[in-house]
Every structure is written in C-alpha cells, then in structure tokens.
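Visitor: Data file run36.pdb (PDB, C-alpha atoms) is appended below.
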MODEL        1
ATOM      1  CA  MET A  23      42.585   7.561 -14.996
ATOM      2  CA  ASN A  24      41.135   6.660 -11.654
ATOM      3  CA  ARG A  25      42.742   6.803  -8.267
ATOM      4  CA  PHE A  26      43.554   3.075  -8.143
ATOM      5  CA  ASP A  27      45.722   3.299 -11.282
ATOM      6  CA  ARG A  28      48.199   5.463  -9.407
ATOM      7  CA  LEU A  29      48.615   2.989  -6.542
ATOM      8  CA  THR A  30      51.639   0.745  -6.322
ATOM      9  CA  TYR A  31      51.041  -2.977  -6.679
ATOM     10  CA  THR A  32      51.670  -3.421  -2.945
ATOM     11  CA  ASP A  33      48.959  -0.862  -2.156
ATOM     12  CA  LYS A  34      46.566  -2.659  -4.520
ATOM     13  CA  ILE A  35      47.172  -5.904  -2.635
ATOM     14  CA  LYS A  36      46.473  -4.104   0.657
ATOM     15  CA  TRP A  37      43.184  -2.786  -0.785
ATOM     16  CA  ARG A  38      42.298  -6.303  -1.936
ATOM     17  CA  ILE A  39      42.832  -7.606   1.579
ATOM     18  CA  ARG A  40      40.561  -4.895   3.014
ATOM     19  CA  ILE A  41      37.854  -5.675   0.465
ATOM     20  CA  LEU A  42      38.138  -9.406   1.150
ATOM     21  CA  TRP A  43      37.755  -8.795   4.899
ATOM     22  CA  ALA A  44      34.642  -6.714   4.235
ATOM     23  CA  LEU A  45      33.301  -9.488   1.995
ATOM     24  CA  LEU A  46      33.993 -12.088   4.683
ATOM     25  CA  ILE A  47      32.113 -10.041   7.297
ATOM     26  CA  GLY A  48      29.244  -9.516   4.833
ATOM     27  CA  MET A  49      29.062 -13.247   4.150
ATOM     28  CA  LEU A  50      28.889 -14.034   7.861
ATOM     29  CA  ILE A  51      26.133 -11.451   8.368
ATOM     30  CA  TYR A  52      24.272 -12.948   5.384
ATOM     31  CA  MET A  53      24.596 -16.421   6.895
ATOM     32  CA  VAL A  54      23.014 -15.293  10.174
ATOM     33  CA  ALA A  55      20.261 -13.323   8.420
ATOM     34  CA  ALA A  56      19.486 -16.153   5.999
ATOM     35  CA  GLY A  57      19.361 -18.636   8.863
ATOM     36  CA  GLU A  58      16.820 -16.501  10.677
ATOM     37  CA  LEU A  59      14.679 -15.465   7.712
ATOM     38  CA  ALA A  60      14.905 -18.495   5.412
ATOM     39  CA  GLY A  61      11.890 -20.526   4.484
ATOM     40  CA  ASP A  62      11.034 -24.089   5.460
ATOM     41  CA  SER A  63      14.051 -26.324   4.858
ATOM     42  CA  ARG A  64      11.750 -29.317   4.392
ATOM     43  CA  LYS A  65      10.671 -27.868   1.034
ATOM     44  CA  MET A  66      14.259 -27.742  -0.234
ATOM     45  CA  THR A  67      15.439 -30.425  -2.610
ATOM     46  CA  ASP A  68      18.682 -32.208  -1.871
ATOM     47  CA  PHE A  69      20.258 -30.555  -4.916
ATOM     48  CA  ALA A  70      19.245 -27.077  -3.738
ATOM     49  CA  ASN A  71      20.536 -27.768  -0.240
ATOM     50  CA  THR A  72      23.863 -29.084  -1.526
ATOM     51  CA  ALA A  73      24.246 -26.284  -4.069
ATOM     52  CA  GLY A  74      23.532 -23.598  -1.482
ATOM     53  CA  ASP A  75      25.986 -25.125   0.965
ATOM     54  CA  LEU A  76      28.691 -25.541  -1.674
ATOM     55  CA  ILE A  77      28.312 -21.982  -2.916
ATOM     56  CA  PHE A  78      28.346 -20.435   0.553
ATOM     57  CA  PHE A  79      31.003 -22.522   2.259
ATOM     58  CA  GLY A  80      33.081 -22.770  -0.913
ATOM     59  CA  GLY A  81      32.939 -18.994  -1.225
ATOM     60  CA  LEU A  82      33.860 -18.610   2.432
ATOM     61  CA  ALA A  83      36.875 -20.904   1.981
ATOM     62  CA  TYR A  84      37.885 -19.043  -1.193
ATOM     63  CA  VAL A  85      37.756 -15.650   0.545
ATOM     64  CA  ILE A  86      39.775 -16.906   3.522
ATOM     65  CA  CYS A  87      42.380 -18.530   1.239
ATOM     66  CA  SER A  88      42.585 -15.316  -0.813
ATOM     67  CA  ILE A  89      43.230 -13.261   2.315
ATOM     68  CA  ILE A  90      45.985 -15.655   3.388
ATOM     69  CA  ARG A  91      47.533 -15.757  -0.106
ATOM     70  CA  ASN A  92      47.532 -11.953  -0.434
ATOM     71  CA  LYS A  93      49.054 -11.510   3.030
ATOM     72  CA  ARG A  94      51.745 -14.012   2.056
ATOM     73  CA  LEU A  95      52.449 -11.968  -1.085
ATOM     74  CA  LEU A  96      53.061  -8.871   1.018
ATOM     75  CA  LYS A  97      55.641 -10.718   3.105
ATOM     76  CA  ASN A  98      57.620 -12.131   0.159
ATOM     77  CA  ARG A  99      58.847  -9.666  -2.471
ATOM     78  CA  LEU A 100      59.758 -12.421  -4.933
ATOM     79  CA  LEU A 101      56.224 -13.861  -4.851
ATOM     80  CA  LEU A 102      54.803 -10.346  -5.118
ATOM     81  CA  LYS A 103      56.843  -9.601  -8.227
ATOM     82  CA  GLU A 104      55.906 -12.948  -9.795
ATOM     83  CA  GLN A 105      52.190 -12.374  -9.144
ATOM     84  CA  MET A 106      52.409  -8.844 -10.546
ATOM     85  CA  GLN A 107      53.913 -10.196 -13.775
ATOM     86  CA  ILE A 108      51.161 -12.801 -14.078
ATOM     87  CA  GLU A 109      48.389 -10.233 -13.504
ATOM     88  CA  GLN A 110      49.887  -7.666 -15.867
ATOM     89  CA  ASP A 111      50.489 -10.168 -18.664
ATOM     90  CA  GLU A 112      48.852  -8.718 -21.789
ATOM     91  CA  ARG A 113      47.628 -12.088 -23.071
ATOM     92  CA  ASN A 114      45.850 -12.878 -19.796
ATOM     93  CA  GLN A 115      44.292  -9.402 -19.744
ATOM     94  CA  TYR A 116      43.180  -9.794 -23.378
ATOM     95  CA  LEU A 117      41.578 -13.200 -22.710
ATOM     96  CA  HIS A 118      39.843 -11.895 -19.584
ATOM     97  CA  ASP A 119      38.474  -8.883 -21.444
ATOM     98  CA  LYS A 120      37.305 -10.919 -24.441
ATOM     99  CA  SER A 121      35.565 -13.482 -22.219
ATOM    100  CA  GLY A 122      33.416 -10.852 -20.552
ATOM    101  CA  GLY A 123      35.867  -8.989 -18.352
ATOM    102  CA  VAL A 124      34.843  -7.411 -15.086
ATOM    103  CA  VAL A 125      31.187  -7.161 -16.105
ATOM    104  CA  MET A 126      30.918 -10.936 -16.511
ATOM    105  CA  ASP A 127      32.784 -11.481 -13.232
ATOM    106  CA  VAL A 128      30.309  -9.255 -11.388
ATOM    107  CA  LEU A 129      27.393 -11.015 -13.111
ATOM    108  CA  LEU A 130      28.709 -14.406 -12.000
ATOM    109  CA  VAL A 131      29.029 -13.243  -8.390
ATOM    110  CA  MET A 132      25.512 -11.803  -8.489
ATOM    111  CA  LEU A 133      24.173 -15.067  -9.940
ATOM    112  CA  LEU A 134      25.957 -17.054  -7.233
ATOM    113  CA  PHE A 135      24.281 -14.868  -4.620
ATOM    114  CA  ALA A 136      20.906 -15.283  -6.356
ATOM    115  CA  VAL A 137      21.259 -19.073  -6.572
ATOM    116  CA  MET A 138      22.259 -19.315  -2.928
ATOM    117  CA  THR A 139      19.364 -17.121  -1.801
ATOM    118  CA  ALA A 140      16.837 -18.825  -4.062
ATOM    119  CA  SER A 141      17.893 -22.245  -2.733
ATOM    120  CA  LEU A 142      16.642 -21.101   0.674
ATOM    121  CA  VAL A 143      13.362 -19.594  -0.519
ATOM    122  CA  ASP A 144      11.819 -21.054  -3.668
ATOM    123  CA  MET A 145      12.708 -24.117  -5.716
ATOM    124  CA  ALA A 146      11.395 -22.754  -9.030
ATOM    125  CA  ALA A 147      13.499 -19.616  -8.623
ATOM    126  CA  PHE A 148      16.470 -21.755  -7.584
ATOM    127  CA  TYR A 149      16.352 -23.912 -10.701
ATOM    128  CA  PHE A 150      15.891 -20.856 -12.921
ATOM    129  CA  THR A 151      18.845 -18.971 -11.413
ATOM    130  CA  ALA A 152      20.974 -22.141 -11.376
ATOM    131  CA  GLY A 153      20.289 -22.504 -15.111
ATOM    132  CA  LEU A 154      21.256 -18.874 -15.701
ATOM    133  CA  LEU A 155      24.449 -19.385 -13.701
ATOM    134  CA  ALA A 156      25.326 -22.520 -15.667
ATOM    135  CA  ALA A 157      24.701 -20.692 -18.954
ATOM    136  CA  ALA A 158      26.848 -17.719 -17.902
ATOM    137  CA  VAL A 159      29.717 -19.976 -16.812
ATOM    138  CA  LEU A 160      29.466 -21.918 -20.069
ATOM    139  CA  LEU A 161      29.492 -18.705 -22.124
ATOM    140  CA  LYS A 162      32.522 -17.334 -20.268
ATOM    141  CA  TRP A 163      34.397 -20.605 -20.619
ATOM    142  CA  ALA A 164      33.537 -20.911 -24.331
ATOM    143  CA  ALA A 165      34.606 -17.337 -25.073
ATOM    144  CA  TYR A 166      37.853 -17.836 -23.165
ATOM    145  CA  TRP A 167      38.507 -21.085 -25.049
ATOM    146  CA  VAL A 168      37.719 -19.576 -28.475
ATOM    147  CA  PHE A 169      39.907 -16.501 -27.972
ATOM    148  CA  SER A 170      42.794 -18.507 -26.507
ATOM    149  CA  ARG A 171      43.173 -20.407 -29.802
TER     150      ARG A 171
ENDMDL
END
Show the structure stored in the file as structure tokens.

Guide:
Amino acid sequence: MNRFDRLTYTDKIKWRIRILWALLIGMLIYMVAAGELAGDSRKMTDFANTAGDLIFFGGLAYVICSIIRNKRLLKNRLLLKEQMQIEQDERNQYLHDKSGGVVMDVLLVMLLFAVMTASLVDMAAFYFTAGLLAAAVLLKWAAYWVFSR
C-alpha cells in the first residue's frame, strides 16, 4: 500500500492539479527549448509540421482543460462524488487494466513526446515513431474493444 492509497479523493484531485501545473510548465519550457534548438523547418513535411503542432497544442489545451475541470470538481461536491464513482467503477478499472493499464498510458505519452520531437528533427525518425504511436493506439483500442464485449 503506497502513500497515495491513504489519501482522500479530494486530496488526490489536489495532487492531480499540482502535477498538471508542473506538466504545463514543462511543456512551455519544452516549447521554448525546441524552438531554439530545432532543426531547419524547411526540411519538415507538411504532415510532420501539422502532427507536431496538433500534438503540442492539443496537449496544451488538454492539460489546461483538465486543470479547470479538476478545480471545478473541488468546488462542487456533487460533481466530485459523481466523478469518484465513475473512476472507482470496477468495470472501467478492469477494462483499463486489460487494455494495457498505466504502462500503456505512459508508453503513449512517451510516444507522443517522441513523435513531436522527431517532427522537429528528422523525418525518417518522425515517420517511424508516428507508426509506433499509431500501432500502440490501435492495440489499446482493440484490447479495450475485445474485453468490453
């Protein structure tokens, strides 16, 4: 039993908000560093440019929306209780675990980072990592679909 198991659901939401803020700051630092150190943008394909932009700015929007949603949960006890029931639902936990669980989630985030970085540096690496990302997403989706039947 780790230390986070003993936290109340409200405390877990507060920790999520802290982690999301740290992620947001890290993403902004990455954006500045990548802008300064990235390769020649003339060598990027349109697909790589669009994919990199979608991943970064989509991720930025997702993190900001998650912060707002979690802060809203803390203000409304009814929403907090409803979200807790959804997250602690055994069927949802079972499907998440069978479709790769936390390990697959971390892999997907790492692949997103790799695709975004490769889109700035090397097109061969970009297409390779984009293919790996597509395969991982397809595997997760297929496993989720199979086990939900």

Visitor: What lies within 12 Å of segment 44-57 of chain A using only C-alpha atoms, ignoring chain neighbours under 6 positions off, as an mmCIF file with C-alpha atoms, in the coordinates of the input?

Guide:
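Writing done, so here's part12.cif:
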data_model
loop_
_atom_site.group_PDB
_atom_site.id
_atom_site.type_symbol
_atom_site.label_atom_id
_atom_site.label_comp_id
_atom_site.auth_asym_id
_atom_site.auth_seq_id
_atom_site.Cartn_x
_atom_site.Cartn_y
_atom_site.Cartn_z
ATOM 1 C CA TRP A 37 43.184 -2.786 -0.785
ATOM 2 C CA ARG A 38 42.298 -6.303 -1.936
ATOM 3 C CA SER A 63 14.051 -26.324 4.858
ATOM 4 C CA GLY A 74 23.532 -23.598 -1.482
ATOM 5 C CA ASP A 75 25.986 -25.125 0.965
ATOM 6 C CA ILE A 77 28.312 -21.982 -2.916
ATOM 7 C CA PHE A 78 28.346 -20.435 0.553
ATOM 8 C CA PHE A 79 31.003 -22.522 2.259
ATOM 9 C CA GLY A 80 33.081 -22.770 -0.913
ATOM 10 C CA GLY A 81 32.939 -18.994 -1.225
ATOM 11 C CA LEU A 82 33.860 -18.610 2.432
ATOM 12 C CA ALA A 83 36.875 -20.904 1.981
ATOM 13 C CA TYR A 84 37.885 -19.043 -1.193
ATOM 14 C CA VAL A 85 37.756 -15.650 0.545
ATOM 15 C CA ILE A 86 39.775 -16.906 3.522
ATOM 16 C CA CYS A 87 42.380 -18.530 1.239
ATOM 17 C CA SER A 88 42.585 -15.316 -0.813
ATOM 18 C CA ILE A 89 43.230 -13.261 2.315
ATOM 19 C CA VAL A 131 29.029 -13.243 -8.390
ATOM 20 C CA PHE A 135 24.281 -14.868 -4.620
ATOM 21 C CA MET A 138 22.259 -19.315 -2.928
ATOM 22 C CA THR A 139 19.364 -17.121 -1.801
ATOM 23 C CA ALA A 140 16.837 -18.825 -4.062
ATOM 24 C CA SER A 141 17.893 -22.245 -2.733
ATOM 25 C CA LEU A 142 16.642 -21.101 0.674
ATOM 26 C CA VAL A 143 13.362 -19.594 -0.519
#

Visitor: Find the spatial neighbours of Ala158 of chain A, counting only C-alpha atoms, within a cut-off of 12 Å - ignore same-chain residues fewer than 2 positions away - and output them as JSON, numbers by chain.

Guide: {"A": [121, 122, 125, 126, 127, 128, 129, 130, 131, 132, 133, 134, 151, 152, 153, 154, 155, 156, 160, 161, 162, 163, 164, 165]}

Visitor: Take the residues from that selection and write them out as a compact mmCIF listing (two decimals), keeping the file's coordinate frame, keeping C-alpha atoms.

Guide:
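Once everything was written out, this is out.txt:
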# COMPACT_ATOMS: atom_id res chain seq x y z
CA SER A 121 35.56 -13.48 -22.22
CA GLY A 122 33.42 -10.85 -20.55
CA VAL A 125 31.19 -7.16 -16.10
CA MET A 126 30.92 -10.94 -16.51
CA ASP A 127 32.78 -11.48 -13.23
CA VAL A 128 30.31 -9.26 -11.39
CA LEU A 129 27.39 -11.02 -13.11
CA LEU A 130 28.71 -14.41 -12.00
CA VAL A 131 29.03 -13.24 -8.39
CA MET A 132 25.51 -11.80 -8.49
CA LEU A 133 24.17 -15.07 -9.94
CA LEU A 134 25.96 -17.05 -7.23
CA THR A 151 18.84 -18.97 -11.41
CA ALA A 152 20.97 -22.14 -11.38
CA GLY A 153 20.29 -22.50 -15.11
CA LEU A 154 21.26 -18.87 -15.70
CA LEU A 155 24.45 -19.39 -13.70
CA ALA A 156 25.33 -22.52 -15.67
CA LEU A 160 29.47 -21.92 -20.07
CA LEU A 161 29.49 -18.70 -22.12
CA LYS A 162 32.52 -17.33 -20.27
CA TRP A 163 34.40 -20.60 -20.62
CA ALA A 164 33.54 -20.91 -24.33
CA ALA A 165 34.61 -17.34 -25.07

Visitor: Pick the closest to Arg113 of chain A from A:Arg91, A:Arg99, A:Arg40, A:Tyr166: which is it, counting all atoms listed in the file?

Guide: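 Comparing A:Arg91, A:Arg99, A:Arg40, A:Tyr166 against Arg113 of chain A, the winner is A:Tyr166.
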
Visitor: Determine the nearest neighbour of Leu76 of chain A from the options A:Ala157, A:Val137, A:Ile90, A:Leu100, counting all atoms listed in the file.

Guide: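 Of A:Ala157, A:Val137, A:Ile90, A:Leu100, the one nearest Leu76 of chain A is A:Val137, counting all atoms listed in the file.
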
Visitor: Could you pull the residues within 9 Å of segment 29-33 of chain A, counting all atoms listed in the file, minus those fewer than 4 positions along the same chain, as number ranges by chain?

Guide: A: 25, 37-38, 95-96, 102-103, 106

Visitor: For a quick check of understanding, using all atoms listed in the file, which of A:Trp43, A:Phe69, A:Phe169, A:Phe150 has the smallest distance to Asp119 of chain A?

Guide: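 So, comparing all the options, the nearest one is A:Phe169.
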
Visitor: For each of A:Arg28, A:Met145, A:Leu42, A:Asn114, take the minimum atom-to-atom distance to Asn92 of chain A, counting only C-alpha atoms, then give the residue where this is smallest.

Guide: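 Looking at the shortest contact to Asn92 of chain A, the residue is A:Leu42.
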
Visitor: Atom CA of Val124 of chain A and atom CA of Arg171 of chain A, how far apart in Å?

Guide: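 Value for the atom CA of Arg171 of chain A-atom CA of Val124 of chain A distance: 21.3 Å.
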
Visitor: Measuring between only C-alpha atoms, which one of A:Phe148, A:Leu59, A:Ile41, A:Ser170 shows the shortest distance to Gln115 of chain A?

Guide: A:Ser170

Visitor: Any idea what the distance is between atom CA of Asp68 of chain A and atom CA of Asp144 of chain A?

Guide: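 Rounded to one decimal, the two atoms are 13.2 Å apart.
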
Visitor: I'd like the interatomic distance between atom CA of Arg94 of chain A and atom CA of Val159 of chain A, to a tenth of an Å.

Guide: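 Result for atom CA of Arg94 of chain A versus atom CA of Val159 of chain A: 29.6 Å, one decimal.
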